[in-house]
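Student: Take a look at start-v1.txt, compact mmCIF, C-alpha atoms:
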```
# COMPACT_ATOMS: atom_id res chain seq x y z
CA PHE A 1 -26.05 -75.27 -60.65
CA ASN A 2 -22.95 -74.14 -62.48
CA THR A 3 -20.04 -72.54 -60.65
CA LEU A 4 -21.25 -68.97 -61.36
CA ASN A 5 -24.73 -69.66 -59.97
CA ILE A 6 -23.27 -71.23 -56.86
CA LYS A 7 -21.08 -68.17 -56.26
CA ASN A 8 -24.03 -65.83 -56.79
CA TYR A 9 -26.16 -67.92 -54.43
CA LEU A 10 -23.50 -67.88 -51.72
CA PHE A 11 -22.94 -64.14 -52.18
CA PHE A 12 -26.63 -63.22 -51.89
CA SER A 13 -27.16 -65.69 -49.04
CA LYS A 14 -24.31 -64.08 -47.13
CA TYR A 15 -25.67 -60.61 -47.96
CA PHE A 16 -29.19 -61.41 -46.75
CA MET A 17 -27.82 -63.13 -43.64
CA LEU A 18 -25.79 -60.02 -42.73
CA PHE A 19 -28.79 -57.82 -43.47
CA TYR A 20 -30.97 -60.01 -41.23
CA ILE A 21 -28.42 -59.88 -38.40
CA GLU A 22 -28.07 -56.08 -38.65
CA LEU A 23 -31.84 -55.63 -38.74
CA THR A 24 -32.23 -57.84 -35.67
CA LEU A 25 -29.56 -55.87 -33.81
CA ILE A 26 -31.26 -52.57 -34.70
CA ILE A 27 -34.61 -53.85 -33.40
CA VAL A 28 -33.02 -55.09 -30.16
CA ILE A 29 -31.25 -51.75 -29.64
CA LEU A 30 -34.45 -49.78 -30.26
CA LEU A 31 -36.44 -51.96 -27.89
CA THR A 32 -33.73 -51.69 -25.24
CA ALA A 33 -33.54 -47.92 -25.64
CA HIS A 34 -37.31 -47.63 -25.36
CA PHE A 35 -37.34 -49.82 -22.26
CA THR A 36 -34.54 -47.95 -20.50
CA MET A 37 -35.96 -44.53 -21.39
CA ALA A 38 -39.32 -45.50 -19.92
CA GLN A 39 -37.70 -46.81 -16.77
CA VAL A 40 -37.30 -43.71 -14.64
CA PHE A 41 -36.28 -45.32 -11.36
CA GLY A 42 -33.98 -48.18 -12.36
CA ASN A 43 -33.43 -51.20 -10.12
CA ASP A 44 -32.04 -49.66 -6.94
CA GLU A 45 -33.92 -50.73 -3.81
CA PRO A 46 -36.54 -48.14 -2.76
CA ILE A 47 -36.86 -47.14 0.90
CA GLN A 48 -40.28 -46.80 2.54
CA LEU A 49 -40.54 -43.90 4.98
CA GLU A 50 -43.23 -44.53 7.59
CA ASN A 51 -44.72 -42.62 10.53
CA LEU A 52 -44.26 -39.16 8.99
CA GLN A 53 -47.04 -36.71 9.86
CA PRO A 54 -48.77 -34.66 7.12
CA GLU A 55 -48.05 -31.38 8.90
CA SER A 56 -44.26 -31.92 8.95
CA GLU A 57 -43.27 -34.65 6.45
CA TRP A 58 -42.05 -32.44 3.61
CA GLN A 59 -40.26 -30.00 5.92
CA ILE A 60 -38.36 -32.94 7.48
CA ILE A 61 -37.38 -34.30 4.06
CA GLU A 62 -36.28 -30.83 2.97
CA GLN A 63 -34.12 -30.46 6.10
CA ALA A 64 -32.52 -33.91 5.66
CA LEU A 65 -31.63 -33.09 2.06
CA LEU A 66 -30.09 -29.73 2.98
CA GLU A 67 -28.03 -31.27 5.79
CA ASN A 68 -26.59 -33.70 3.23
CA ASN A 69 -25.81 -30.85 0.79
CA PHE A 70 -28.65 -31.71 -1.61
CA LYS A 71 -31.03 -29.11 -3.01
CA VAL A 72 -34.73 -29.39 -3.81
CA ALA A 73 -35.38 -29.09 -7.55
CA SER A 74 -39.17 -29.45 -7.59
CA PHE A 75 -42.00 -29.90 -5.11
CA LYS A 76 -45.61 -30.74 -5.96
CA SER A 77 -47.62 -30.89 -2.76
CA ILE A 78 -50.89 -31.93 -4.39
CA GLU A 79 -49.31 -34.79 -6.33
CA GLY A 80 -47.20 -35.76 -3.31
CA GLN A 81 -43.88 -35.55 -5.15
CA LEU A 82 -40.51 -34.03 -4.34
CA MET A 83 -37.38 -34.28 -6.50
CA SER A 84 -33.84 -33.33 -5.51
CA ASP A 85 -31.49 -31.44 -7.75
CA TRP A 86 -28.80 -33.39 -9.61
CA ILE A 87 -26.33 -35.42 -7.56
CA THR A 88 -23.08 -35.80 -9.49
CA TRP A 89 -20.02 -38.04 -9.08
CA THR A 90 -17.21 -39.53 -11.16
CA SER A 91 -16.55 -43.26 -11.48
CA MET A 92 -13.69 -44.67 -13.58
CA MET A 93 -13.20 -41.27 -15.24
CA ILE A 94 -16.87 -41.15 -16.28
CA LYS A 95 -19.24 -38.47 -14.98
CA ASN A 96 -22.50 -39.74 -13.46
CA ARG A 97 -25.62 -38.05 -12.15
CA ALA A 98 -28.96 -38.93 -10.54
CA ARG A 99 -31.77 -37.45 -8.45
CA LEU A 100 -33.54 -38.48 -5.26
CA ASN A 101 -37.28 -38.90 -5.81
CA PHE A 102 -39.86 -38.87 -2.99
CA THR A 103 -43.39 -40.02 -3.82
CA LYS A 104 -46.27 -40.12 -1.34
CA GLU A 105 -48.89 -42.85 -1.57
CA GLY A 106 -51.33 -42.99 1.30
CA ALA A 107 -49.41 -42.59 4.55
CA THR A 108 -46.11 -43.82 3.07
CA ILE A 109 -43.41 -41.82 1.27
CA THR A 110 -41.09 -43.84 -0.98
CA LEU A 111 -37.51 -42.72 -1.60
CA ARG A 112 -35.91 -43.84 -4.88
CA ILE A 113 -32.94 -43.07 -7.08
CA ALA A 114 -34.24 -41.54 -10.32
CA ASP A 115 -32.94 -40.41 -13.72
CA ARG A 116 -29.52 -42.07 -13.43
CA SER A 117 -27.31 -41.18 -16.39
CA TYR A 118 -23.67 -40.98 -17.47
CA ASN A 119 -21.78 -38.51 -19.65
CA THR A 120 -20.00 -39.40 -22.88
CA LYS A 121 -18.76 -36.75 -25.29
CA ASN A 122 -20.90 -34.05 -23.64
CA THR A 123 -24.07 -36.14 -23.99
CA TRP A 124 -25.99 -37.68 -21.10
CA SER A 125 -27.23 -41.24 -21.63
CA GLU A 126 -29.43 -43.31 -19.35
CA ALA A 127 -27.44 -45.61 -17.09
CA ILE A 128 -28.33 -49.28 -16.69
CA GLY A 129 -27.70 -51.21 -13.48
CA ASN A 130 -27.55 -50.30 -9.80
CA LEU A 131 -25.56 -47.81 -7.80
CA SER A 132 -22.54 -49.21 -6.02
CA LYS A 133 -23.18 -50.19 -2.43
CA LYS A 134 -21.04 -47.25 -1.28
CA LYS A 135 -22.93 -44.70 -3.38
CA TYR A 136 -26.32 -46.15 -2.41
CA GLN A 137 -25.40 -45.78 1.26
CA GLU A 138 -24.03 -42.27 0.73
CA TYR A 139 -26.91 -40.87 -1.31
CA VAL A 140 -29.97 -42.88 -0.28
CA GLU A 141 -29.55 -44.57 3.09
CA THR A 142 -27.89 -41.54 4.70
CA VAL A 143 -30.79 -39.26 3.75
CA ALA A 144 -33.41 -41.84 4.82
CA ASN A 145 -31.69 -42.34 8.19
CA ARG A 146 -31.55 -38.60 8.79
CA ILE A 147 -35.25 -38.23 7.95
CA ASN A 148 -36.09 -40.83 10.60
CA GLU A 149 -33.78 -39.17 13.14
CA ILE A 150 -35.43 -35.77 12.67
CA ASN A 151 -38.91 -37.29 12.75
CA ASN A 152 -38.22 -39.05 16.06
CA ASN A 153 -36.78 -35.95 17.75
CA PRO A 154 -39.40 -33.27 18.60
CA ALA A 155 -36.79 -30.50 18.84
CA LEU A 156 -35.25 -31.35 15.44
CA LYS A 157 -38.73 -31.65 13.91
CA LEU A 158 -39.71 -28.20 15.19
CA GLU A 159 -36.44 -26.77 13.84
CA ALA A 160 -37.15 -28.29 10.41
CA ILE A 161 -40.66 -26.81 10.36
CA LYS A 162 -39.41 -23.34 11.29
CA ALA A 163 -36.55 -23.41 8.75
CA SER A 164 -38.60 -24.70 5.81
CA LYS A 165 -38.61 -22.78 2.54
CA LEU A 166 -41.06 -25.19 0.88
CA ILE A 167 -43.80 -24.63 3.45
CA PRO A 168 -43.48 -21.40 5.46
CA ALA A 169 -43.52 -21.84 9.22
CA PHE A 170 -46.51 -21.01 11.39
CA ASN A 171 -46.81 -17.38 12.43
CA ALA A 172 -49.63 -16.32 14.73
CA VAL A 173 -49.46 -12.61 13.86
CA PHE A 174 -49.82 -10.77 10.57
CA ALA A 175 -50.68 -7.19 9.60
CA VAL A 176 -52.83 -5.65 6.89
CA ASP A 177 -52.04 -1.94 6.75
CA GLU A 178 -52.73 -0.64 10.28
CA LEU A 179 -54.66 -3.74 11.38
CA VAL A 180 -52.83 -6.41 13.40
CA PHE A 181 -54.38 -9.90 13.33
CA LYS A 182 -53.33 -12.23 16.15
CA LEU A 183 -54.38 -15.88 16.40
CA MET A 184 -55.26 -16.50 20.04
CA LYS A 185 -56.67 -20.02 19.97
CA THR A 186 -57.58 -23.00 17.78
CA SER A 187 -59.89 -25.81 18.86
CA LYS A 188 -62.25 -28.56 17.70
CA ASP A 189 -65.59 -29.46 19.25
CA GLU A 190 -67.04 -32.95 19.77
CA ASN A 191 -68.09 -33.01 16.10
CA GLN A 192 -64.56 -32.19 14.92
CA HIS A 193 -65.65 -28.72 13.74
CA LEU A 194 -62.64 -26.40 13.67
CA THR A 195 -62.60 -22.90 15.17
CA LEU A 196 -59.92 -20.20 14.90
CA GLU A 197 -60.14 -17.26 17.32
CA TYR A 198 -58.34 -14.02 16.37
CA THR A 199 -58.06 -10.54 17.81
CA VAL A 200 -57.82 -7.60 15.39
CA HIS A 201 -56.22 -4.39 16.67
CA ASN A 202 -56.45 -1.04 14.88
CA LYS A 203 -53.19 0.92 15.28
CA ALA A 204 -54.38 3.80 13.10
CA GLN A 205 -55.52 7.20 14.34
CA LYS A 206 -58.81 6.82 12.51
CA GLU A 207 -61.46 4.15 12.31
CA VAL A 208 -61.08 1.36 9.78
CA LYS A 209 -63.89 -0.48 8.04
CA VAL A 210 -62.75 -4.02 7.35
CA ASP A 211 -64.42 -6.69 5.22
CA ILE A 212 -63.56 -10.42 5.11
CA PRO A 213 -65.16 -11.54 1.81
CA LEU A 214 -63.60 -15.01 1.68
CA ILE A 215 -61.70 -17.52 3.80
CA GLY A 216 -60.27 -20.92 2.91
CA PHE A 217 -59.44 -23.92 5.11
CA LYS A 218 -56.95 -26.04 3.10
CA LYS A 219 -55.99 -29.63 3.84
CA THR A 220 -52.79 -29.24 1.84
CA VAL A 221 -50.54 -26.36 0.85
CA ASN A 222 -51.86 -25.18 -2.51
CA SER A 223 -52.14 -21.68 -3.93
CA LYS A 224 -54.50 -22.76 -6.73
CA VAL A 225 -57.53 -23.83 -4.69
CA THR A 226 -59.77 -21.76 -2.42
CA GLY A 227 -60.23 -24.44 0.24
CA ALA A 228 -63.29 -25.10 2.38
CA ARG A 229 -65.39 -22.04 3.19
CA GLY A 230 -66.57 -21.17 6.67
CA ASN A 231 -68.29 -18.67 8.94
CA VAL A 232 -66.88 -15.23 9.84
CA ILE A 233 -68.03 -13.90 13.23
CA TRP A 234 -67.06 -10.45 14.57
CA SER A 235 -67.58 -9.52 18.22
CA ARG A 236 -69.23 -6.34 16.90
CA PRO A 237 -70.29 -6.92 13.30
CA ALA A 238 -71.38 -4.21 10.90
CA GLU A 239 -74.36 -4.40 8.56
CA MET A 240 -73.30 -7.48 6.53
CA GLY A 241 -71.87 -9.78 9.21
CA ARG A 242 -68.48 -10.20 7.58
CA ASN A 243 -67.82 -6.47 8.01
CA ALA A 244 -66.75 -4.53 11.06
CA VAL A 245 -65.77 -0.98 11.95
CA ILE A 246 -62.80 -0.78 14.32
CA HIS A 247 -62.17 2.49 16.15
CA PRO A 248 -58.66 3.90 16.73
CA ASP A 249 -56.60 1.80 19.17
CA GLU A 250 -59.51 -0.63 19.52
CA THR A 251 -59.36 -4.44 19.47
CA LEU A 252 -62.20 -6.67 18.28
CA SER A 253 -62.54 -10.44 18.36
CA LEU A 254 -62.83 -12.33 15.08
CA THR A 255 -63.78 -16.01 14.88
CA PHE A 256 -63.61 -18.34 11.89
CA GLU A 257 -65.61 -21.58 11.94
CA ASN A 258 -65.28 -24.53 9.60
CA PRO A 259 -68.56 -26.51 9.60
CA ASP A 260 -66.91 -29.57 8.04
CA LYS A 261 -65.40 -32.46 9.98
CA TRP A 262 -61.70 -31.72 10.44
CA GLU A 263 -59.65 -34.83 11.27
CA LEU A 264 -56.12 -33.42 10.94
CA ASN A 265 -54.18 -32.14 13.95
CA THR A 266 -52.98 -29.20 11.94
CA LEU A 267 -54.30 -26.72 9.39
CA PRO A 268 -51.74 -26.82 6.55
CA GLN A 269 -52.91 -23.52 5.02
CA PHE A 270 -55.52 -20.94 5.96
CA ASP A 271 -56.27 -18.02 3.62
CA ILE A 272 -57.95 -14.79 4.67
CA ARG A 273 -58.98 -12.16 2.14
CA VAL A 274 -59.16 -8.67 3.62
CA ILE A 275 -60.56 -5.41 2.21
CA CYS A 276 -60.07 -2.19 4.16
CA ASN A 277 -62.14 1.00 3.89
CA GLY A 278 -64.16 -0.10 0.88
CA SER A 279 -61.17 -0.31 -1.47
CA GLY A 280 -62.90 -3.12 -3.44
CA THR A 281 -61.30 -6.12 -5.07
CA ASN A 282 -58.42 -4.00 -6.41
CA GLY A 283 -57.34 -3.32 -2.85
CA MET A 284 -58.04 -6.81 -1.54
CA ARG A 285 -55.19 -8.53 0.28
CA THR A 286 -54.87 -12.31 0.63
CA MET A 287 -53.01 -13.45 3.74
CA SER A 288 -51.90 -17.09 4.06
CA ILE A 289 -51.04 -18.74 7.37
CA TYR A 290 -49.32 -22.13 7.29
CA SER A 291 -48.96 -25.15 9.58
CA ILE A 292 -51.45 -23.94 12.20
CA PRO A 293 -51.41 -26.36 15.17
CA ILE A 294 -54.66 -27.77 16.56
CA PRO A 295 -55.28 -27.23 19.46
CA TYR A 296 -53.32 -24.05 20.02
CA VAL A 297 -53.21 -21.20 22.54
CA TYR A 298 -51.21 -18.05 21.80
CA GLN A 299 -47.90 -17.52 23.56
CA GLU A 300 -45.88 -14.33 23.32
CA GLY A 301 -43.40 -14.59 20.47
CA ASP A 302 -45.44 -16.99 18.26
```
The structure in this file should be written as structure tokens.
Tutor:
Amino acid sequence: FNTLNIKNYLFFSKYFMLFYIELTLIIVILLTAHFTMAQVFGNDEPIQLENLQPESEWQIIEQALLENNFKVASFKSIEGQLMSDWITWTSMMIKNRARLNFTKEGATITLRIADRSYNTKNTWSEAIGNLSKKKYQEYVETVANRINEINNNPALKLEAIKASKLIPAFNAVFAVDELVFKLMKTSKDENQHLTLEYTVHNKAQKEVKVDIPLIGFKKTVNSKVTGARGNVIWSRPAEMGRNAVIHPDETLSLTFENPDKWELNTLPQFDIRVICNGSGTNGMRTMSIYSIPIPYVYQEGD
């Protein structure tokens, strides 16, 4: 090679070497970005929450979050998922944020830190690495410990159930126009068949014809499903069984039976559809009762 060829060779060799290095770096960055974007939960240690009961687990978690000044951003009862709103803090002049994620699998609910990110120039980027020990204790362990405290204290558990906004508390009495429905008793027989016993009082000055076209026993709180059907039994039924005529200031008994095996010690949601005085589907009212205890006997004030 002459001197010119050697210089050209060295120039192009250096050029292709730099190109190769830049291309490699780009590929590594893209792969890293893809990996970190797909990694929702990061590497912080998850906490397994055990011994929570289906009838109170989400209300207890909700209460523990609120007591620690965290809000609920989303709740999907069917999928068994709850996500807190953003938790924000500043570290070394850099803004950070994350969420608390609760996922139910079987009888266990797992608490994780999710969607960790940091702010640079008004843009949020996914954070890599773990929370500091102090922040992990403040945001994760404190909430988990409070959940266990509430769960192990019957009075605190009852308070959480009554205060819940995610799942409305149990109420034994509801009204449809001038009819007052009162749940007097719940029970299960030896075959685990569930029975709900109501009284229905007519406060109106005229008789009311009432029809119960549909009921739904639901094993989870969900407005999109009808639930298991069952039998409707009036103490004085009208012509179609599910109908009754209630005279002024009269009270009839109304029983709902679920023929399926019911293993839970609560009824998470029970829907009753009510039509009064032949108003048809346009006048139909759907009443939902939540967290019904089994067994139960009515006490004044429930």
Student: Any idea what's packed within 7 Å of stretch 200-205 of chain A, counting all atoms listed in the file, ignoring anything in its chain fewer than 4 positions away? Could you give it as a list in words?
Tutor: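 Here the qualifying residues turn out to be Glu178, Leu179, Val180, Phe181, Lys182, Ile246, His247, Pro248, Asp249, Glu250, Thr251, Leu252, Ser253 and Leu254 of chain A.
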Student: Which is closer to A:Asn101 than all the others in A:Asn69, A:Trp89, A:Pro46, A:Arg285, using only C-alpha atoms?
Tutor: A:Pro46
Student: Can you work out which one of A:Asp44, A:Ser291, A:Ile167, A:Pro237 has the shortest atom-to-atom distance to A:Gln137, counting only C-alpha atoms?
Tutor: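 Once distances to A:Gln137 are computed over only C-alpha atoms, the minimum belongs to A:Asp44.
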Student: For A:Asn222, which of A:Gln192, A:Ser77, A:Thr103, A:Gln48 is the closest residue, counting only C-alpha atoms?
Tutor: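 Once distances to A:Asn222 are computed over only C-alpha atoms, the minimum belongs to A:Ser77.
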Student: Counting all atoms listed in the file, find residues at most 12 Å from (-36.6, -42.1, 10.6) (file frame) and give them as a PDB file with C-alpha atoms, in the frame of the given file.
Tutor:
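Output file result.pdb is given in full below:
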```pdb
ATOM      1  CA  ILE A  47     -36.860 -47.140   0.900  1.00  0.00           C
ATOM      2  CA  GLN A  48     -40.280 -46.800   2.540  1.00  0.00           C
ATOM      3  CA  LEU A  49     -40.540 -43.900   4.980  1.00  0.00           C
ATOM      4  CA  GLU A  50     -43.230 -44.530   7.590  1.00  0.00           C
ATOM      5  CA  ASN A  51     -44.720 -42.620  10.530  1.00  0.00           C
ATOM      6  CA  LEU A  52     -44.260 -39.160   8.990  1.00  0.00           C
ATOM      7  CA  GLN A  53     -47.040 -36.710   9.860  1.00  0.00           C
ATOM      8  CA  GLU A  57     -43.270 -34.650   6.450  1.00  0.00           C
ATOM      9  CA  ILE A  60     -38.360 -32.940   7.480  1.00  0.00           C
ATOM     10  CA  ILE A  61     -37.380 -34.300   4.060  1.00  0.00           C
ATOM     11  CA  ALA A  64     -32.520 -33.910   5.660  1.00  0.00           C
ATOM     12  CA  ILE A 109     -43.410 -41.820   1.270  1.00  0.00           C
ATOM     13  CA  GLU A 141     -29.550 -44.570   3.090  1.00  0.00           C
ATOM     14  CA  THR A 142     -27.890 -41.540   4.700  1.00  0.00           C
ATOM     15  CA  VAL A 143     -30.790 -39.260   3.750  1.00  0.00           C
ATOM     16  CA  ALA A 144     -33.410 -41.840   4.820  1.00  0.00           C
ATOM     17  CA  ASN A 145     -31.690 -42.340   8.190  1.00  0.00           C
ATOM     18  CA  ARG A 146     -31.550 -38.600   8.790  1.00  0.00           C
ATOM     19  CA  ILE A 147     -35.250 -38.230   7.950  1.00  0.00           C
ATOM     20  CA  ASN A 148     -36.090 -40.830  10.600  1.00  0.00           C
ATOM     21  CA  GLU A 149     -33.780 -39.170  13.140  1.00  0.00           C
ATOM     22  CA  ILE A 150     -35.430 -35.770  12.670  1.00  0.00           C
ATOM     23  CA  ASN A 151     -38.910 -37.290  12.750  1.00  0.00           C
ATOM     24  CA  ASN A 152     -38.220 -39.050  16.060  1.00  0.00           C
ATOM     25  CA  ASN A 153     -36.780 -35.950  17.750  1.00  0.00           C
ATOM     26  CA  LEU A 156     -35.250 -31.350  15.440  1.00  0.00           C
ATOM     27  CA  LYS A 157     -38.730 -31.650  13.910  1.00  0.00           C
TER      28      LYS A 157
END
```
Student: Given all atoms listed in the file as the basis, pick out the residue of A:Leu194, A:Ile215, A:Val221, A:Ala228 nearest to A:Arg242.
Tutor: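 Using all atoms listed in the file, the shortest distance to A:Arg242 belongs to A:Ile215.
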Student: Using only C-alpha atoms, which of the listed residues (A:Asn43, A:Ser288, A:Ser74, A:Thr195) sits closest to A:Glu257?
Tutor: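 Closest to A:Glu257, using only C-alpha atoms: A:Thr195.
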Student: Quick one: pull the distance between atom CA of A:Ile113 and atom CA of A:Met92, Å, one decimal.
Tutor: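 Between these atoms lies a distance of 20.4 Å.
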Student: Provide the atom CA of A:Asn130 to atom CA of A:Thr108 distance in Å, to one decimal place.
Tutor: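 Distance reported for this atom pair: 23.5 Å.
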Student: Rank A:Arg229, A:Leu214, A:Glu239, A:Lys219 by their smallest atom-to-atom distance to A:Ile272, using all atoms listed in the file, and report the top residue only.
Tutor: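 Nearest candidate to A:Ile272 out of A:Arg229, A:Leu214, A:Glu239, A:Lys219: A:Leu214.
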Student: Could you jot down the atom CA of A:His193 to atom CA of A:Pro268 separation for me, Å, one decimal place?
Tutor: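 Pair atom CA of A:His193 / atom CA of A:Pro268 returns 15.8 Å.
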Student: As a PDB file, keeping the file's coordinate frame, please: stretch 276-289 of chain A completed to N, CA, C and O atoms.
Tutor:
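Below is the file that was written, selection_2.pdb:
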```
ATOM      1  N   CYS A 276     -59.959  -3.280   3.186  1.00  0.00           N
ATOM      2  CA  CYS A 276     -60.070  -2.190   4.160  1.00  0.00           C
ATOM      3  C   CYS A 276     -60.656  -0.939   3.524  1.00  0.00           C
ATOM      4  O   CYS A 276     -60.294  -0.576   2.393  1.00  0.00           O
ATOM      5  N   ASN A 277     -61.574  -0.302   4.263  1.00  0.00           N
ATOM      6  CA  ASN A 277     -62.140   1.000   3.890  1.00  0.00           C
ATOM      7  C   ASN A 277     -62.742   1.019   2.490  1.00  0.00           C
ATOM      8  O   ASN A 277     -62.585   1.974   1.728  1.00  0.00           O
ATOM      9  N   GLY A 278     -63.423  -0.063   2.127  1.00  0.00           N
ATOM     10  CA  GLY A 278     -64.160  -0.100   0.880  1.00  0.00           C
ATOM     11  C   GLY A 278     -63.310   0.019  -0.366  1.00  0.00           C
ATOM     12  O   GLY A 278     -63.771   0.538  -1.390  1.00  0.00           O
ATOM     13  N   SER A 279     -62.065  -0.455  -0.323  1.00  0.00           N
ATOM     14  CA  SER A 279     -61.170  -0.310  -1.470  1.00  0.00           C
ATOM     15  C   SER A 279     -61.513  -1.264  -2.610  1.00  0.00           C
ATOM     16  O   SER A 279     -60.951  -1.163  -3.696  1.00  0.00           O
ATOM     17  N   GLY A 280     -62.459  -2.205  -2.378  1.00  0.00           N
ATOM     18  CA  GLY A 280     -62.900  -3.120  -3.440  1.00  0.00           C
ATOM     19  C   GLY A 280     -61.868  -4.199  -3.723  1.00  0.00           C
ATOM     20  O   GLY A 280     -60.848  -4.332  -3.046  1.00  0.00           O
ATOM     21  N   THR A 281     -62.178  -4.982  -4.763  1.00  0.00           N
ATOM     22  CA  THR A 281     -61.300  -6.120  -5.070  1.00  0.00           C
ATOM     23  C   THR A 281     -59.903  -5.683  -5.479  1.00  0.00           C
ATOM     24  O   THR A 281     -58.939  -6.439  -5.307  1.00  0.00           O
ATOM     25  N   ASN A 282     -59.760  -4.475  -6.024  1.00  0.00           N
ATOM     26  CA  ASN A 282     -58.420  -4.000  -6.410  1.00  0.00           C
ATOM     27  C   ASN A 282     -57.520  -3.805  -5.197  1.00  0.00           C
ATOM     28  O   ASN A 282     -56.302  -3.924  -5.294  1.00  0.00           O
ATOM     29  N   GLY A 283     -58.134  -3.513  -4.063  1.00  0.00           N
ATOM     30  CA  GLY A 283     -57.340  -3.320  -2.850  1.00  0.00           C
ATOM     31  C   GLY A 283     -57.372  -4.518  -1.921  1.00  0.00           C
ATOM     32  O   GLY A 283     -56.898  -4.429  -0.780  1.00  0.00           O
ATOM     33  N   MET A 284     -57.924  -5.627  -2.386  1.00  0.00           N
ATOM     34  CA  MET A 284     -58.040  -6.810  -1.540  1.00  0.00           C
ATOM     35  C   MET A 284     -56.678  -7.454  -1.310  1.00  0.00           C
ATOM     36  O   MET A 284     -55.876  -7.590  -2.227  1.00  0.00           O
ATOM     37  N   ARG A 285     -56.422  -7.847  -0.072  1.00  0.00           N
ATOM     38  CA  ARG A 285     -55.190  -8.530   0.280  1.00  0.00           C
ATOM     39  C   ARG A 285     -55.519  -9.959   0.702  1.00  0.00           C
ATOM     40  O   ARG A 285     -56.474 -10.188   1.454  1.00  0.00           O
ATOM     41  N   THR A 286     -54.720 -10.916   0.226  1.00  0.00           N
ATOM     42  CA  THR A 286     -54.870 -12.310   0.630  1.00  0.00           C
ATOM     43  C   THR A 286     -53.708 -12.685   1.530  1.00  0.00           C
ATOM     44  O   THR A 286     -52.552 -12.640   1.122  1.00  0.00           O
ATOM     45  N   MET A 287     -54.025 -13.045   2.775  1.00  0.00           N
ATOM     46  CA  MET A 287     -53.010 -13.450   3.740  1.00  0.00           C
ATOM     47  C   MET A 287     -53.102 -14.967   3.937  1.00  0.00           C
ATOM     48  O   MET A 287     -54.191 -15.504   4.139  1.00  0.00           O
ATOM     49  N   SER A 288     -51.952 -15.640   3.883  1.00  0.00           N
ATOM     50  CA  SER A 288     -51.900 -17.090   4.060  1.00  0.00           C
ATOM     51  C   SER A 288     -51.109 -17.427   5.318  1.00  0.00           C
ATOM     52  O   SER A 288     -49.998 -16.926   5.510  1.00  0.00           O
ATOM     53  N   ILE A 289     -51.698 -18.270   6.152  1.00  0.00           N
ATOM     54  CA  ILE A 289     -51.040 -18.740   7.370  1.00  0.00           C
ATOM     55  C   ILE A 289     -50.852 -20.246   7.223  1.00  0.00           C
ATOM     56  O   ILE A 289     -51.784 -20.963   6.837  1.00  0.00           O
TER      57      ILE A 289
END
```
